[in-house]
Amino acid sequence: MLLGDFTDGVAEGDLFLGKAHVPSQPKFSSESQKRASIEWVIHLVIHYMTTKSTPRAGAQSRNVSSGRRPADQRATPSPAPAPGFRPIHTRRAFEEICERIREQLALGLLKPGDKLPPERELAQQLGVSRNVLREALRSLEMAGVLRLLKGVKGGAFIQEGDTGRMNDVMRDMLSLGTISVRELSEARVHVLDLVVGLACDHARRSDLDAMEANIRRTELATKEGRLLDRVECSREFYKLLAASTRNKVIAMIMDSVTEIHMRFVYAKVASSGVAMTRLAERRRQLLSAIAERNTSSARRLMRAHLEAVQRMLEQDPGAMSLHVALAEVRPGMRR
C-alpha cells in the first residue's frame, strides 16, 4: 500500500465507521508509548486493507502501471508456461503452382499428352516470376507428372502415369531403414500369391501368348549361355504376369517388390555364373496352370519356385545385402 493511499483514505473518512481520528503524535517519553503508537499505526493499516473493498480508479491505475497487483487481490500462482509453437508460414509459391496444376488434372481439365501454356504466358497467369515457375515445373517433372522437352516443339507436357516411380520409393524406404530386405522378400511371396490368383481369373489369350513367347526367349538365352539376358527375361515375365491381373494397382505393387529382388538375382548370377536350373520348364508348368484356371496348382508352383530362388541367394550372404539392393542399375539391366 502506498503511503498516499493510506493518508487519502483517512482524509475521506474511509476508516473506523466513516471518521478516522488520528491523534496528535505525542513525544515518546517511554518505550511503552513508542510501542503503543506503532501498534496504533499498524492497526489503522490493517483496518484500511480489510475494509476498503473498492479502490479508487487513480490508486488502481497506479498499481497497474507500476506493475504491482492491487492491494486487495490475493496473490495467485504463476500459470504454467504455454507450449512453444513456431509461427505458421504460408506455402512457398512453387508448391502452390504444383498444387494448382494437380487440381487441373483432378478436374480433368488437363490430360496426359496435353501441353501447358508457354512459360512466359503461364507465369503471367499465375502471377509469379519465371524462375519460380521453372522450379515448380522441375518439381513436377521429378514427380513424374510432367515431361519437359527443349527445342522449337518443346515445352511442358502432362506425362502418362509412370507406375515405375514406385520403384524409387521402395529403394528410398530401404535406404532410410523404413523397411528391410527380409520384409521385402516376405511381401513378394504374398503379393505373388495374389497375382497368380488374379491371373488365373483374368488372364486373356493374348497374355498367355506373351508369356509363352517370353519362355521361348528364356530357353534360347539359356542354351546360348546368356545368363544375364535370361535374368532380364525373368524380369519381363513378372511384368507380363502382373499385367494379366487387369489391375494396375496390383501390377504397380508387383513391379516395385520384384524390381529390387531381381537386383539380387542379377548380382548373384553376375558374380558366380550360377543360375536356376530348369527355369523354362518351371515357367511352362506355371503357365499351364494359369491357362487351366487352376489357382491352387499355380500358387503351389510359384511358391516352390520362389523358395528355390531364395535358397540359391542365401548360399551367398553378400547377394542379399542392402548394398546390392541400392546399387545403381548396370548398363545391361533395364528398369
# chains A, B, ... in the order shown; residues from 1 in each chain; ligands from 1
$ select_by_dssp --residues "region 110-143 of chain A" --states "helix (DSSP H, G or I)" --output "list in words"
Glu119, Arg120, Glu121, Leu122, Ala123, Gln124, Gln125, Leu126, Arg130, Asn131, Val132, Leu133, Arg134, Glu135, Ala136, Leu137, Arg138, Ser139, Leu140, Glu141 and Met142 of chain A
$ closest_atom_pairs --of "region 258-290 of chain A" --to "region 301-308 of chain A" --cutoff "8 Å" --atoms "only C-alpha atoms" --output "JSON lines"
{"residue": "A:Arg282", "atom": "CA", "partner": "A:His305", "partner_atom": "CA", "distance": 7.6}
{"residue": "A:Gln285", "atom": "CA", "partner": "A:Leu301", "partner_atom": "CA", "distance": 7.6}
{"residue": "A:Leu286", "atom": "CA", "partner": "A:Leu301", "partner_atom": "CA", "distance": 6.2}
$ residues_around --residues "Ser296 (chain A)" --least-positions-apart "2" --cutoff "12 Å" --atoms "only C-alpha atoms" --output "JSON, numbers by chain"
{"A": [193, 194, 196, 197, 198, 200, 286, 289, 290, 292, 293, 294, 298, 299, 300, 301, 302, 303]}
$ select_by_dssp --residues "region 127-219 of chain A" --states "strand (DSSP E)" --output "ChimeraX atom specification"
/A:146-149,155-158
$ closest_residue --among "A:Ala242, A:Met166, A:Ala156, A:Leu148" --to "Leu122 (chain A)" --atoms "only C-alpha atoms"
A:Ala156
$ residues_around --residues "region 224-240 of chain A" --least-positions-apart "4" --cutoff "8 Å" --atoms "only C-alpha atoms" --output "JSON, numbers by chain"
{"A": [207, 210, 211, 214, 215, 217, 218, 220, 244, 251, 254, 255, 258, 259, 262, 265, 266, 269, 270, 273, 275, 332, 333, 334]}
$ atom_distance --atom1 "CA of Glu95 (chain A)" --atom2 "CA of Glu135 (chain A)"
9.1 Å
$ residues_around --residues "Leu208 (chain A)" --least-positions-apart "5" --cutoff "8 Å" --atoms "only C-alpha atoms" --output "PyMOL selection string"
chain A and resi 203+287+291
$ write_last_selection --atoms "N, CA and C atoms" --output "CSV table (one decimal), in the first residue's frame"
chain,number,residue,atom,x,y,z
A,203,ALA,N,-6.6,-63.6,-66.8
A,203,ALA,CA,-5.6,-63.7,-68.0
A,203,ALA,C,-6.4,-64.0,-69.3
A,287,LEU,N,2.5,-71.6,-66.4
A,287,LEU,CA,1.6,-71.1,-67.5
A,287,LEU,C,0.5,-72.0,-67.8
A,291,ALA,N,-3.5,-71.1,-67.4
A,291,ALA,CA,-4.4,-71.4,-68.6
A,291,ALA,C,-5.6,-72.2,-68.2
$ closest_residue --among "A:Leu116, A:Leu126, A:Ala199, A:Ile260" --to "Leu241 (chain A)" --atoms "only C-alpha atoms"
A:Ala199
$ closest_residue --among "A:Met173, A:Ala243, A:Ala187, A:Leu146" --to "Val257 (chain A)" --atoms "only C-alpha atoms"
A:Ala187
